[in-house]
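Asker: Contents of my_file_35.pdb (PDB, C-alpha atoms and all ligand atoms) are given next:
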ATOM      1  CA  MET A  29     -67.207 -33.085  16.701
ATOM      2  CA  GLU A  30     -63.940 -34.651  17.848
ATOM      3  CA  ARG A  31     -61.699 -33.117  20.494
ATOM      4  CA  TYR A  32     -57.919 -33.583  20.368
ATOM      5  CA  ASP A  33     -55.493 -32.619  23.132
ATOM      6  CA  THR A  34     -52.342 -33.858  21.439
ATOM      7  CA  ILE A  35     -50.562 -32.849  18.258
ATOM      8  CA  ASP A  36     -50.044 -36.479  17.216
ATOM      9  CA  ALA A  37     -53.734 -37.388  17.482
ATOM     10  CA  LEU A  38     -54.853 -34.277  15.573
ATOM     11  CA  ARG A  39     -52.232 -34.827  12.859
ATOM     12  CA  ALA A  40     -53.280 -38.467  12.421
ATOM     13  CA  ALA A  41     -56.945 -37.501  12.005
ATOM     14  CA  LEU A  42     -56.223 -34.616   9.625
ATOM     15  CA  GLY A  43     -53.726 -36.693   7.645
ATOM     16  CA  ARG A  44     -56.509 -39.097   6.730
ATOM     17  CA  ALA A  45     -58.714 -36.177   5.599
ATOM     18  CA  ARG A  46     -55.913 -34.600   3.596
ATOM     19  CA  GLN A  47     -55.211 -37.879   1.765
ATOM     20  CA  THR A  48     -58.731 -37.795   0.380
ATOM     21  CA  GLY A  49     -58.093 -34.264  -0.958
ATOM     22  CA  ARG A  50     -60.346 -32.426   1.482
ATOM     23  CA  SER A  51     -59.675 -28.764   2.297
ATOM     24  CA  ILE A  52     -59.109 -27.729   5.918
ATOM     25  CA  GLY A  53     -60.157 -24.401   7.439
ATOM     26  CA  LEU A  54     -58.462 -23.392  10.711
ATOM     27  CA  VAL A  55     -59.879 -20.902  13.212
ATOM     28  CA  PRO A  56     -57.231 -20.204  15.880
ATOM     29  CA  THR A  57     -58.737 -18.870  19.136
ATOM     30  CA  MET A  58     -57.944 -18.376  22.790
ATOM     31  CA  GLY A  59     -61.435 -19.540  23.741
ATOM     32  CA  TYR A  60     -64.193 -17.764  25.661
ATOM     33  CA  LEU A  61     -65.968 -17.665  22.358
ATOM     34  CA  HIS A  62     -68.389 -14.972  21.233
ATOM     35  CA  ALA A  63     -70.335 -14.144  18.092
ATOM     36  CA  GLY A  64     -67.166 -12.833  16.415
ATOM     37  CA  HIS A  65     -65.503 -16.245  16.710
ATOM     38  CA  LEU A  66     -68.662 -17.978  15.524
ATOM     39  CA  GLU A  67     -68.609 -15.780  12.422
ATOM     40  CA  LEU A  68     -65.048 -16.998  11.716
ATOM     41  CA  VAL A  69     -66.336 -20.562  12.120
ATOM     42  CA  ARG A  70     -69.265 -19.871   9.797
ATOM     43  CA  ARG A  71     -66.896 -18.607   7.089
ATOM     44  CA  ALA A  72     -64.510 -21.527   7.591
ATOM     45  CA  ARG A  73     -67.345 -24.024   7.276
ATOM     46  CA  ALA A  74     -68.716 -22.337   4.162
ATOM     47  CA  GLU A  75     -65.339 -22.387   2.414
ATOM     48  CA  ASN A  76     -63.760 -25.708   3.486
ATOM     49  CA  ASP A  77     -64.574 -29.406   3.741
ATOM     50  CA  ILE A  78     -63.298 -29.672   7.309
ATOM     51  CA  THR A  79     -63.255 -26.997  10.023
ATOM     52  CA  VAL A  80     -60.756 -27.128  12.868
ATOM     53  CA  VAL A  81     -60.885 -24.688  15.794
ATOM     54  CA  SER A  82     -57.972 -24.394  18.199
ATOM     55  CA  ILE A  83     -58.485 -23.193  21.774
ATOM     56  CA  PHE A  84     -55.232 -22.279  23.450
ATOM     57  CA  VAL A  85     -54.569 -19.312  25.730
ATOM     58  CA  ASN A  86     -51.027 -18.718  24.567
ATOM     59  CA  PRO A  87     -48.789 -17.613  27.445
ATOM     60  CA  THR A  88     -46.007 -16.293  25.203
ATOM     61  CA  GLN A  89     -48.127 -13.430  23.860
ATOM     62  CA  PHE A  90     -48.762 -12.023  27.367
ATOM     63  CA  ALA A  91     -46.152  -9.970  29.216
ATOM     64  CA  PRO A  92     -45.663 -10.908  32.905
ATOM     65  CA  SER A  93     -47.657  -7.786  33.886
ATOM     66  CA  GLU A  94     -50.582  -8.694  31.602
ATOM     67  CA  ASP A  95     -53.803 -10.646  32.079
ATOM     68  CA  PHE A  96     -52.774 -14.242  31.196
ATOM     69  CA  SER A  97     -54.000 -15.673  34.502
ATOM     70  CA  THR A  98     -57.260 -13.694  34.490
ATOM     71  CA  TYR A  99     -57.968 -14.145  30.767
ATOM     72  CA  PRO A 100     -61.520 -15.580  30.725
ATOM     73  CA  ARG A 101     -61.834 -19.317  30.153
ATOM     74  CA  ASP A 102     -64.864 -21.645  29.879
ATOM     75  CA  MET A 103     -63.987 -24.807  27.994
ATOM     76  CA  GLU A 104     -67.326 -26.590  28.476
ATOM     77  CA  ARG A 105     -69.302 -23.665  27.114
ATOM     78  CA  ASP A 106     -66.862 -23.238  24.200
ATOM     79  CA  LEU A 107     -67.113 -26.915  23.256
ATOM     80  CA  ALA A 108     -70.917 -26.786  23.341
ATOM     81  CA  LEU A 109     -70.958 -23.684  21.103
ATOM     82  CA  LEU A 110     -68.553 -25.261  18.614
ATOM     83  CA  ALA A 111     -70.502 -28.528  18.497
ATOM     84  CA  GLN A 112     -73.692 -26.553  17.787
ATOM     85  CA  SER A 113     -71.852 -24.606  15.065
ATOM     86  CA  GLY A 114     -70.951 -27.771  13.152
ATOM     87  CA  VAL A 115     -67.188 -27.747  13.767
ATOM     88  CA  ASP A 116     -65.449 -31.037  12.889
ATOM     89  CA  ALA A 117     -62.443 -30.938  15.198
ATOM     90  CA  VAL A 118     -61.335 -28.924  18.215
ATOM     91  CA  PHE A 119     -57.691 -28.801  19.203
ATOM     92  CA  THR A 120     -57.257 -28.060  22.920
ATOM     93  CA  PRO A 121     -53.591 -28.557  23.778
ATOM     94  CA  GLY A 122     -52.139 -27.756  27.193
ATOM     95  CA  VAL A 123     -49.121 -25.495  27.594
ATOM     96  CA  GLU A 124     -46.855 -28.596  27.969
ATOM     97  CA  GLU A 125     -48.055 -29.939  24.624
ATOM     98  CA  MET A 126     -47.357 -26.671  22.783
ATOM     99  CA  TYR A 127     -44.179 -25.769  24.666
ATOM    100  CA  PRO A 128     -42.525 -28.996  25.910
ATOM    101  CA  GLN A 129     -39.192 -27.179  26.096
ATOM    102  CA  PRO A 130     -38.196 -23.513  26.185
ATOM    103  CA  LEU A 131     -38.319 -22.166  22.638
ATOM    104  CA  GLN A 132     -35.038 -21.273  21.016
ATOM    105  CA  THR A 133     -36.787 -20.367  17.774
ATOM    106  CA  THR A 134     -39.219 -17.485  17.620
ATOM    107  CA  ILE A 135     -40.618 -15.278  14.882
ATOM    108  CA  SER A 136     -40.303 -11.499  15.140
ATOM    109  CA  LEU A 137     -41.494  -9.042  12.551
ATOM    110  CA  LYS A 138     -39.492  -5.855  12.405
ATOM    111  CA  PRO A 139     -40.723  -3.192  12.349
ATOM    112  CA  LEU A 140     -44.326  -4.445  11.953
ATOM    113  CA  GLY A 141     -44.427  -6.227  15.317
ATOM    114  CA  ASP A 142     -42.867  -3.331  17.232
ATOM    115  CA  ILE A 143     -45.094  -0.458  16.109
ATOM    116  CA  LEU A 144     -48.586   0.568  17.303
ATOM    117  CA  ILE A 145     -49.870  -2.130  19.737
ATOM    118  CA  GLY A 146     -46.350  -3.591  19.641
ATOM    119  CA  LYS A 147     -45.193  -0.435  21.445
ATOM    120  CA  VAL A 148     -47.877  -0.824  24.119
ATOM    121  CA  ARG A 149     -47.306  -4.614  24.373
ATOM    122  CA  PRO A 150     -43.609  -5.318  23.645
ATOM    123  CA  GLY A 151     -43.076  -8.934  22.509
ATOM    124  CA  HIS A 152     -46.792  -9.572  22.004
ATOM    125  CA  PHE A 153     -46.668 -10.045  18.232
ATOM    126  CA  SER A 154     -43.628 -12.283  18.427
ATOM    127  CA  GLY A 155     -45.674 -14.557  20.736
ATOM    128  CA  VAL A 156     -48.626 -14.416  18.332
ATOM    129  CA  ALA A 157     -46.596 -15.019  15.157
ATOM    130  CA  THR A 158     -44.719 -17.918  16.745
ATOM    131  CA  VAL A 159     -47.795 -19.735  18.072
ATOM    132  CA  VAL A 160     -49.696 -19.179  14.826
ATOM    133  CA  ALA A 161     -46.731 -20.583  12.864
ATOM    134  CA  LYS A 162     -46.779 -23.622  15.171
ATOM    135  CA  LEU A 163     -50.532 -24.049  14.633
ATOM    136  CA  PHE A 164     -50.046 -23.793  10.857
ATOM    137  CA  ASN A 165     -47.377 -26.512  11.014
ATOM    138  CA  ILE A 166     -49.551 -28.728  13.224
ATOM    139  CA  VAL A 167     -52.809 -28.373  11.260
ATOM    140  CA  GLN A 168     -51.462 -27.528   7.774
ATOM    141  CA  PRO A 169     -54.706 -25.766   6.898
ATOM    142  CA  THR A 170     -55.797 -24.748   3.414
ATOM    143  CA  ARG A 171     -57.195 -21.496   4.828
ATOM    144  CA  ALA A 172     -56.988 -19.768   8.217
ATOM    145  CA  TYR A 173     -59.477 -17.223   9.574
ATOM    146  CA  PHE A 174     -58.742 -14.132  11.684
ATOM    147  CA  GLY A 175     -60.902 -11.198  12.781
ATOM    148  CA  GLU A 176     -60.226  -7.755  11.338
ATOM    149  CA  LYS A 177     -60.717  -6.292  14.832
ATOM    150  CA  ASP A 178     -57.161  -7.405  15.558
ATOM    151  CA  PHE A 179     -56.017  -5.618  12.428
ATOM    152  CA  GLN A 180     -52.334  -5.459  13.299
ATOM    153  CA  GLN A 181     -52.381  -9.162  14.199
ATOM    154  CA  LEU A 182     -53.955  -9.929  10.823
ATOM    155  CA  THR A 183     -51.334  -7.789   9.053
ATOM    156  CA  VAL A 184     -48.509  -9.469  11.010
ATOM    157  CA  ILE A 185     -49.799 -12.946  10.098
ATOM    158  CA  ARG A 186     -50.253 -12.067   6.422
ATOM    159  CA  ARG A 187     -46.700 -10.729   6.327
ATOM    160  CA  MET A 188     -45.240 -13.759   8.143
ATOM    161  CA  VAL A 189     -46.971 -16.074   5.666
ATOM    162  CA  ASP A 190     -45.601 -14.015   2.733
ATOM    163  CA  ASP A 191     -42.086 -13.775   4.154
ATOM    164  CA  LEU A 192     -41.837 -17.485   5.020
ATOM    165  CA  ASN A 193     -43.823 -18.834   2.026
ATOM    166  CA  VAL A 194     -46.283 -20.654   4.267
ATOM    167  CA  PRO A 195     -48.788 -22.466   2.017
ATOM    168  CA  VAL A 196     -51.996 -21.165   3.602
ATOM    169  CA  GLU A 197     -54.580 -18.613   2.516
ATOM    170  CA  ILE A 198     -55.243 -15.999   5.212
ATOM    171  CA  VAL A 199     -58.854 -14.821   5.363
ATOM    172  CA  GLY A 200     -59.697 -11.609   7.261
ATOM    173  CA  VAL A 201     -63.280 -11.460   8.561
ATOM    174  CA  PRO A 202     -65.060  -8.149   9.378
ATOM    175  CA  THR A 203     -65.495  -7.184  13.039
ATOM    176  CA  VAL A 204     -68.721  -8.295  14.713
ATOM    177  CA  ARG A 205     -70.157  -5.603  17.019
ATOM    178  CA  GLU A 206     -72.635  -5.363  19.855
ATOM    179  CA  VAL A 207     -75.777  -3.369  18.974
ATOM    180  CA  ASP A 208     -74.247  -0.208  20.456
ATOM    181  CA  GLY A 209     -71.101  -0.586  18.341
ATOM    182  CA  LEU A 210     -68.646  -2.093  20.865
ATOM    183  CA  ALA A 211     -66.419  -4.612  19.078
ATOM    184  CA  MET A 212     -66.983  -8.146  20.386
ATOM    185  CA  SER A 213     -64.060  -9.363  22.468
ATOM    186  CA  SER A 214     -63.557 -12.103  25.049
ATOM    187  CA  ARG A 215     -62.259  -9.376  27.376
ATOM    188  CA  ASN A 216     -65.586  -7.448  27.354
ATOM    189  CA  VAL A 217     -66.896  -9.785  30.063
ATOM    190  CA  ARG A 218     -64.375  -8.224  32.483
ATOM    191  CA  LEU A 219     -65.872  -4.719  32.054
ATOM    192  CA  SER A 220     -67.949  -3.435  34.992
ATOM    193  CA  PRO A 221     -71.396  -2.091  33.960
ATOM    194  CA  GLN A 222     -69.993   1.460  34.176
ATOM    195  CA  ASP A 223     -66.889   0.579  32.116
ATOM    196  CA  ARG A 224     -69.082  -1.230  29.598
ATOM    197  CA  GLN A 225     -70.966   2.054  29.014
ATOM    198  CA  ALA A 226     -67.718   4.029  28.799
ATOM    199  CA  ALA A 227     -66.229   1.556  26.277
ATOM    200  CA  ARG A 228     -68.780   2.663  23.675
ATOM    201  CA  VAL A 229     -66.716   5.813  23.101
ATOM    202  CA  LEU A 230     -64.088   3.796  21.209
ATOM    203  CA  SER A 231     -66.330   2.624  18.384
ATOM    204  CA  LYS A 232     -68.131   5.981  18.329
ATOM    205  CA  ALA A 233     -64.841   7.855  17.894
ATOM    206  CA  LEU A 234     -63.730   5.390  15.209
ATOM    207  CA  PHE A 235     -66.966   5.763  13.263
ATOM    208  CA  GLU A 236     -66.689   9.574  13.490
ATOM    209  CA  GLY A 237     -63.044   9.488  12.352
ATOM    210  CA  ALA A 238     -63.943   7.243   9.409
ATOM    211  CA  ALA A 239     -66.857   9.524   8.498
ATOM    212  CA  MET A 240     -64.488  12.546   8.395
ATOM    213  CA  ILE A 241     -62.134  10.655   6.067
ATOM    214  CA  GLU A 242     -64.983   9.502   3.849
ATOM    215  CA  ALA A 243     -66.282  13.105   3.720
ATOM    216  CA  GLY A 244     -62.917  14.259   2.305
ATOM    217  CA  GLU A 245     -60.907  15.427   5.331
ATOM    218  CA  SER A 246     -57.324  14.467   4.554
ATOM    219  CA  ASP A 247     -55.263  15.814   7.468
ATOM    220  CA  ALA A 248     -54.620  12.776   9.682
ATOM    221  CA  ALA A 249     -53.312  14.868  12.618
ATOM    222  CA  GLY A 250     -56.476  17.019  12.643
ATOM    223  CA  ILE A 251     -58.756  13.971  12.632
ATOM    224  CA  LEU A 252     -56.734  12.254  15.361
ATOM    225  CA  ALA A 253     -56.891  15.401  17.518
ATOM    226  CA  LYS A 254     -60.718  15.463  17.310
ATOM    227  CA  MET A 255     -60.952  11.744  18.058
ATOM    228  CA  THR A 256     -58.517  12.059  20.971
ATOM    229  CA  ALA A 257     -60.551  14.886  22.505
ATOM    230  CA  ARG A 258     -63.675  12.717  22.279
ATOM    231  CA  ILE A 259     -62.044   9.662  23.881
ATOM    232  CA  VAL A 260     -60.155  11.388  26.701
ATOM    233  CA  ALA A 261     -63.339  13.211  27.730
ATOM    234  CA  GLU A 262     -64.816   9.844  28.735
ATOM    235  CA  PRO A 263     -64.101   9.110  32.429
ATOM    236  CA  GLY A 264     -62.591   5.668  33.045
ATOM    237  CA  VAL A 265     -60.988   5.442  29.595
ATOM    238  CA  THR A 266     -57.201   5.785  29.241
ATOM    239  CA  LEU A 267     -56.146   6.160  25.634
ATOM    240  CA  ARG A 268     -52.979   4.138  24.915
ATOM    241  CA  SER A 269     -52.661   4.636  21.156
ATOM    242  CA  LEU A 270     -54.618   6.122  18.275
ATOM    243  CA  ASP A 271     -53.280   6.013  14.732
ATOM    244  CA  ILE A 272     -54.223   6.388  11.102
ATOM    245  CA  CYS A 273     -52.175   3.987   8.970
ATOM    246  CA  ASP A 274     -51.924   2.667   5.446
ATOM    247  CA  ALA A 275     -54.387  -0.244   5.344
ATOM    248  CA  ARG A 276     -51.894  -2.528   3.557
ATOM    249  CA  ASP A 277     -48.730  -2.237   5.625
ATOM    250  CA  LEU A 278     -49.665  -0.041   8.631
ATOM    251  CA  ALA A 279     -47.168   2.662   7.600
ATOM    252  CA  PRO A 280     -48.056   6.031   9.197
ATOM    253  CA  VAL A 281     -50.141   8.335   6.996
ATOM    254  CA  GLU A 282     -50.085  12.135   7.251
ATOM    255  CA  THR A 283     -52.196  13.053   4.222
ATOM    256  CA  ILE A 284     -55.033  10.646   3.639
ATOM    257  CA  ASP A 285     -54.875   9.890  -0.075
ATOM    258  CA  ARG A 286     -55.260   6.090   0.005
ATOM    259  CA  PRO A 287     -57.267   3.448   1.918
ATOM    260  CA  VAL A 288     -56.386   3.682   5.610
ATOM    261  CA  VAL A 289     -57.188   2.001   8.868
ATOM    262  CA  VAL A 290     -57.856   3.894  12.085
ATOM    263  CA  LEU A 291     -56.598   1.902  15.080
ATOM    264  CA  VAL A 292     -57.304   2.508  18.753
ATOM    265  CA  THR A 293     -55.971   0.873  21.932
ATOM    266  CA  ALA A 294     -57.344   1.978  25.304
ATOM    267  CA  GLU A 295     -57.658   0.788  28.858
ATOM    268  CA  VAL A 296     -61.234   0.853  30.037
ATOM    269  CA  GLY A 297     -61.069   0.292  33.775
ATOM    270  CA  PRO A 298     -58.609  -2.624  34.066
ATOM    271  CA  VAL A 299     -59.304  -4.014  30.577
ATOM    272  CA  LEU A 300     -57.166  -3.355  27.493
ATOM    273  CA  LEU A 301     -59.435  -3.019  24.460
ATOM    274  CA  ILE A 302     -58.566  -2.536  20.805
ATOM    275  CA  ASP A 303     -60.691  -1.651  17.830
ATOM    276  CA  GLN A 304     -60.275  -0.564  14.237
ATOM    277  CA  ARG A 305     -62.145   0.874  11.308
ATOM    278  CA  GLU A 306     -61.041   0.971   7.679
ATOM    279  CA  ALA A 307     -61.833   4.071   5.595
ATOM    280  CA  ARG A 308     -61.322   5.191   2.015
ATOM    281  CA  PRO A 309     -60.887   8.868   1.159
ATOM    282  CA  ALA A 310     -63.747  10.459  -0.794
TER     283      ALA A 310
HETATM  284  O1  LIG A 401     -56.522 -13.611  18.314
HETATM  285  C1  LIG A 401     -56.294 -14.517  19.136
HETATM  286  O2  LIG A 401     -57.192 -15.045  19.781
HETATM  287  C2  LIG A 401     -54.855 -14.980  19.354
HETATM  288  O3  LIG A 401     -53.957 -13.914  19.266
HETATM  289  C3  LIG A 401     -54.447 -16.132  18.411
HETATM  290  C4  LIG A 401     -54.456 -15.698  16.954
HETATM  291  C5  LIG A 401     -55.378 -17.317  18.601
HETATM  292  C6  LIG A 401     -53.018 -16.594  18.741
HETATM  293  O4  LIG A 401     -52.901 -17.029  20.057
END
Once more with this new file: its structure as structure tokens, please.

Answerer:
Amino acid sequence: MERYDTIDALRAALGRARQTGRSIGLVPTMGYLHAGHLELVRRARAENDITVVSIFVNPTQFAPSEDFSTYPRDMERDLALLAQSGVDAVFTPGVEEMYPQPLQTTISLKPLGDILIGKVRPGHFSGVATVVAKLFNIVQPTRAYFGEKDFQQLTVIRRMVDDLNVPVEIVGVPTVREVDGLAMSSRNVRLSPQDRQAARVLSKALFEGAAMIEAGESDAAGILAKMTARIVAEPGVTLRSLDICDARDLAPVETIDRPVVVLVTAEVGPVLLIDQREARPA
């Protein structure tokens, strides 16, 4: 596995691979890797000749009040995991390399980037879309891999790629969960033992909501009310948003008559967690 800190060095190496017609799979990450990331890597390796993983904690997707400085980082461990997983190249730029000058060009999706988590985290999806567009331009991958846990992020990236005709195939990969259902996330490490227990309510509520939909309940407001009651009853959990949306474009759904996604954002202790579950009406 080769590690590259600069755009020029990575481009030179990938240019040689591209000339010989080899496909490139990109897994963008912010590091502190877990089994969910390794599943993205596994898919990328299975479907491409060369797998590139980027590790970059992107400051522009964090608001000043958010956890950029405390976001967990462990580069040595990440590199060891990626080497064991058979990754070909790791791109680990510093902030100066990615943002040598203040950006005058950014990507905003309206309304997709401003709804749901975009309401809780204003500007977040503009930071994500912009850095992902930069990574696509740097790596020029054949395919890029994103977890379905961050469902709105995946939808934003798919839409950006459609709107701007970016020549990359976006692959969404199902959420990997702990045995008790908690969605894997780099932030889980910041949960106290008590908060870790409390966090289980999110996946439990999502699974119950999805089961209601799959059993034929079609009133979104009624299902959300039951899920809300379940979540707010859990001490230490502050519900920030809970929605049932059209699975294709995240438009709000009142009567569930098409495939939907149930999305939750909550603070558990000091940690902002998100999760999702797709469901099809009976
Ligand atoms: O999902 C993440 O880890 C980040 O939002 C991403 C896609 C790597 C962009 O910084």

Asker: Would you name the residues within 7 Å of ligand LIG 401 (chain A), counting only C-alpha atoms and all ligand atoms, and put them as a PyMOL selection string?

Answerer: chain A and resi 56-58+84-86+156+159-160+174+178

Asker: Up to 12 Å from (-45.4, -10.9, 6.2) in the file's coordinates: name the residues, counting all atoms listed in the file, as a count of residues only.

Answerer: 28

Asker: Looking at A:Ala226, A:Ile251, A:Ala257, A:Leu301, which one is nearest to Ile284 of chain A, with distances taken over all atoms listed in the file?

Answerer: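 Closest to Ile284 of chain A, using all atoms listed in the file: A:Ile251.
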
Asker: Name the closest residue to Tyr127 of chain A among the candidates A:Ile35, A:Asp77, A:Val55, A:Asp142; distances are taken between atoms, counting all atoms listed in the file.

Answerer: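 Smallest distance to Tyr127 of chain A is found for A:Ile35.
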
Asker: Counting only C-alpha atoms, which of A:Thr79, A:Ser246, A:Ile145, A:Val207 gets nearest to Ala45 of chain A?

Answerer: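 Going through A:Thr79, A:Ser246, A:Ile145, A:Val207 one by one, the smallest distance to Ala45 of chain A is for A:Thr79.
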
Asker: In file coordinates, which residues lie within 9 Å of (-64.9, -21.6, 25.7) using only C-alpha atoms, given as a list in words?

Answerer: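 The answer, in the requested form, is Met58, Gly59, Tyr60, Leu61, His62, Ile83, Pro100, Arg101, Asp102, Met103, Glu104, Arg105, Asp106, Leu107, Ala108, Leu109 and Leu110 of chain A.
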
Asker: If the PyMOL selection byres (((chain A and resi 29) around 8) and not hetatm) were run on this exact file, what residues would it hold? Put them as an mmCIF file with C-alpha atoms, in the frame of the given file.

Answerer:
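Full text of result-v7.cif as output:
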data_model
loop_
_atom_site.group_PDB
_atom_site.id
_atom_site.type_symbol
_atom_site.label_atom_id
_atom_site.label_comp_id
_atom_site.auth_asym_id
_atom_site.auth_seq_id
_atom_site.Cartn_x
_atom_site.Cartn_y
_atom_site.Cartn_z
ATOM 1 C CA GLU A 30 -63.940 -34.651 17.848
ATOM 2 C CA ARG A 31 -61.699 -33.117 20.494
ATOM 3 C CA ALA A 111 -70.502 -28.528 18.497
ATOM 4 C CA GLY A 114 -70.951 -27.771 13.152
ATOM 5 C CA VAL A 115 -67.188 -27.747 13.767
ATOM 6 C CA ASP A 116 -65.449 -31.037 12.889
ATOM 7 C CA ALA A 117 -62.443 -30.938 15.198
ATOM 8 C CA VAL A 118 -61.335 -28.924 18.215
#

Asker: Rank A:Thr134, A:Val204, A:Val289, A:Asp303 by their smallest atom-to-atom distance to Lys232 of chain A, using all atoms listed in the file, and report the top residue only.

Answerer: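 Closest residue, counting all atoms listed in the file: A:Asp303.
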
Asker: Measure the distance from atom CA of Leu163 of chain A to atom CA of Leu210 of chain A in Å and round it to one decimal.

Answerer: 29.1 Å

Asker: Quick one: residues within 9 Å of Val296 of chain A, all atoms listed in the file counted, chain neighbours fewer than 5 positions away excluded, as number ranges by chain?

Answerer: A: 219, 223-224, 226-227, 264-267, 301

Asker: Considering only C-alpha atoms, state which residue in the set A:Cys273, A:Leu66, A:Ala310, A:Val281 is at the smallest distance from Ala243 of chain A.

Answerer: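 Closest residue, counting only C-alpha atoms: A:Ala310.
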
Asker: To box segment 153-166 of chain A, take all atoms listed in the file, fit an axis-aligned box, add 5 Å on each side, and give centre and edge lengths in Å to one decimal, as lines of an AutoDock Vina configuration file.

Answerer:
center_x = -47.1
center_y = -19.4
center_z = 15.8
size_x = 16.9
size_y = 28.7
size_z = 19.9

Asker: For the atom pair atom CA of Arg171 of chain A and atom CA of His65 of chain A, what is the interatomic distance in Å to one decimal place?

Answerer: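 Result for atom CA of Arg171 of chain A versus atom CA of His65 of chain A: 15.4 Å, one decimal.
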
Asker: Quick one: of A:Ala253, A:Ala279, A:Val217, A:Ile302, who's nearest to Lys177 of chain A, counting all atoms listed in the file?

Answerer: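 Answer, going by the shortest atom-to-atom distance: A:Ile302.
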
Asker: Provide the atom CA of Ser220 of chain A to atom CA of Lys254 of chain A distance in Å, to one decimal place.

Answerer: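 Interatomic distance, atom CA of Ser220 of chain A to atom CA of Lys254 of chain A: 26.9 Å.
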
Asker: Mind checking which residues fall within 8 Å of Ala233 of chain A, counting all atoms listed in the file, ignoring those fewer than 4 positions away in the same chain, and posting them as a list in words?

Answerer: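 Using all atoms listed in the file, the neighbours found are Val229, Gly237, Met255, Arg258 and Ile259 of chain A.
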
Asker: Determine, counting only C-alpha atoms, which protein, DNA and RNA residues have an atom within 12 Å of an atom of Arg205 of chain A; residues of the same chain fewer than 3 positions away are not included. Present the result as a ChimeraX atom specification.

Answerer: /A:62-65,67,175-177,202,208-213,216,228,230-232,303-305

Asker: So that I can see what lies close to Glu75 of chain A, please list as a PyMOL selection string the residues with an atom at most 9 Å from it, counting only C-alpha atoms and leaving out residues fewer than 6 positions away in the same chain.

Answerer: chain A and resi 51-53+171

Asker: For Glu124 of chain A, please output as a PyMOL selection string all residues within 12 Å (counting only C-alpha atoms; exclusion window: fewer than 4 positions along the same chain).

Answerer: chain A and resi 33-35+84+86-87+120+128-131

Asker: What do you get, as a list in words, if you spell out every residue that the PyMOL selection byres (((chain A and resi 91) around 10) and not hetatm) selects here?

Answerer: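 When the PyMOL selection byres (((chain A and resi 91) around 10) and not hetatm) is applied, the selected residues are Pro87, Thr88, Gln89, Phe90, Pro92, Ser93, Glu94, Asp95, Phe96, Arg149, Pro150, Gly151, His152 and Gly155 of chain A.
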
Asker: Mind rebuilding segment 138-147 of chain A with N, CA, C and O atoms and writing that out as a PDB file, keeping the file's coordinate frame?

Answerer:
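Saved the output as selection-v7.pdb:
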ATOM      1  N   LYS A 138     -40.053  -7.173  12.129  1.00  0.00           N
ATOM      2  CA  LYS A 138     -39.492  -5.855  12.405  1.00  0.00           C
ATOM      3  C   LYS A 138     -39.549  -5.020  11.141  1.00  0.00           C
ATOM      4  O   LYS A 138     -39.065  -5.481  10.115  1.00  0.00           O
ATOM      5  N   PRO A 139     -40.190  -3.869  11.172  1.00  0.00           N
ATOM      6  CA  PRO A 139     -40.723  -3.192  12.349  1.00  0.00           C
ATOM      7  C   PRO A 139     -42.175  -3.526  12.680  1.00  0.00           C
ATOM      8  O   PRO A 139     -42.686  -3.075  13.708  1.00  0.00           O
ATOM      9  N   LEU A 140     -42.867  -4.328  11.827  1.00  0.00           N
ATOM     10  CA  LEU A 140     -44.326  -4.445  11.953  1.00  0.00           C
ATOM     11  C   LEU A 140     -44.789  -4.880  13.350  1.00  0.00           C
ATOM     12  O   LEU A 140     -45.822  -4.416  13.842  1.00  0.00           O
ATOM     13  N   GLY A 141     -44.008  -5.743  14.002  1.00  0.00           N
ATOM     14  CA  GLY A 141     -44.427  -6.227  15.317  1.00  0.00           C
ATOM     15  C   GLY A 141     -44.100  -5.274  16.458  1.00  0.00           C
ATOM     16  O   GLY A 141     -44.554  -5.480  17.587  1.00  0.00           O
ATOM     17  N   ASP A 142     -43.311  -4.242  16.154  1.00  0.00           N
ATOM     18  CA  ASP A 142     -42.867  -3.331  17.232  1.00  0.00           C
ATOM     19  C   ASP A 142     -43.608  -1.999  17.233  1.00  0.00           C
ATOM     20  O   ASP A 142     -43.422  -1.203  18.145  1.00  0.00           O
ATOM     21  N   ILE A 143     -44.397  -1.745  16.195  1.00  0.00           N
ATOM     22  CA  ILE A 143     -45.094  -0.458  16.109  1.00  0.00           C
ATOM     23  C   ILE A 143     -46.487  -0.585  16.726  1.00  0.00           C
ATOM     24  O   ILE A 143     -46.924  -1.687  17.072  1.00  0.00           O
ATOM     25  N   LEU A 144     -47.177   0.535  16.887  1.00  0.00           N
ATOM     26  CA  LEU A 144     -48.586   0.568  17.303  1.00  0.00           C
ATOM     27  C   LEU A 144     -48.799  -0.258  18.575  1.00  0.00           C
ATOM     28  O   LEU A 144     -48.206   0.036  19.597  1.00  0.00           O
ATOM     29  N   ILE A 145     -49.629  -1.324  18.529  1.00  0.00           N
ATOM     30  CA  ILE A 145     -49.870  -2.130  19.737  1.00  0.00           C
ATOM     31  C   ILE A 145     -48.560  -2.773  20.198  1.00  0.00           C
ATOM     32  O   ILE A 145     -48.361  -3.013  21.392  1.00  0.00           O
ATOM     33  N   GLY A 146     -47.655  -3.029  19.271  1.00  0.00           N
ATOM     34  CA  GLY A 146     -46.350  -3.591  19.641  1.00  0.00           C
ATOM     35  C   GLY A 146     -45.576  -2.680  20.577  1.00  0.00           C
ATOM     36  O   GLY A 146     -44.739  -3.151  21.351  1.00  0.00           O
ATOM     37  N   LYS A 147     -45.853  -1.370  20.513  1.00  0.00           N
ATOM     38  CA  LYS A 147     -45.193  -0.435  21.445  1.00  0.00           C
ATOM     39  C   LYS A 147     -45.816  -0.552  22.830  1.00  0.00           C
ATOM     40  O   LYS A 147     -45.147  -0.488  23.843  1.00  0.00           O
TER      41      LYS A 147
END
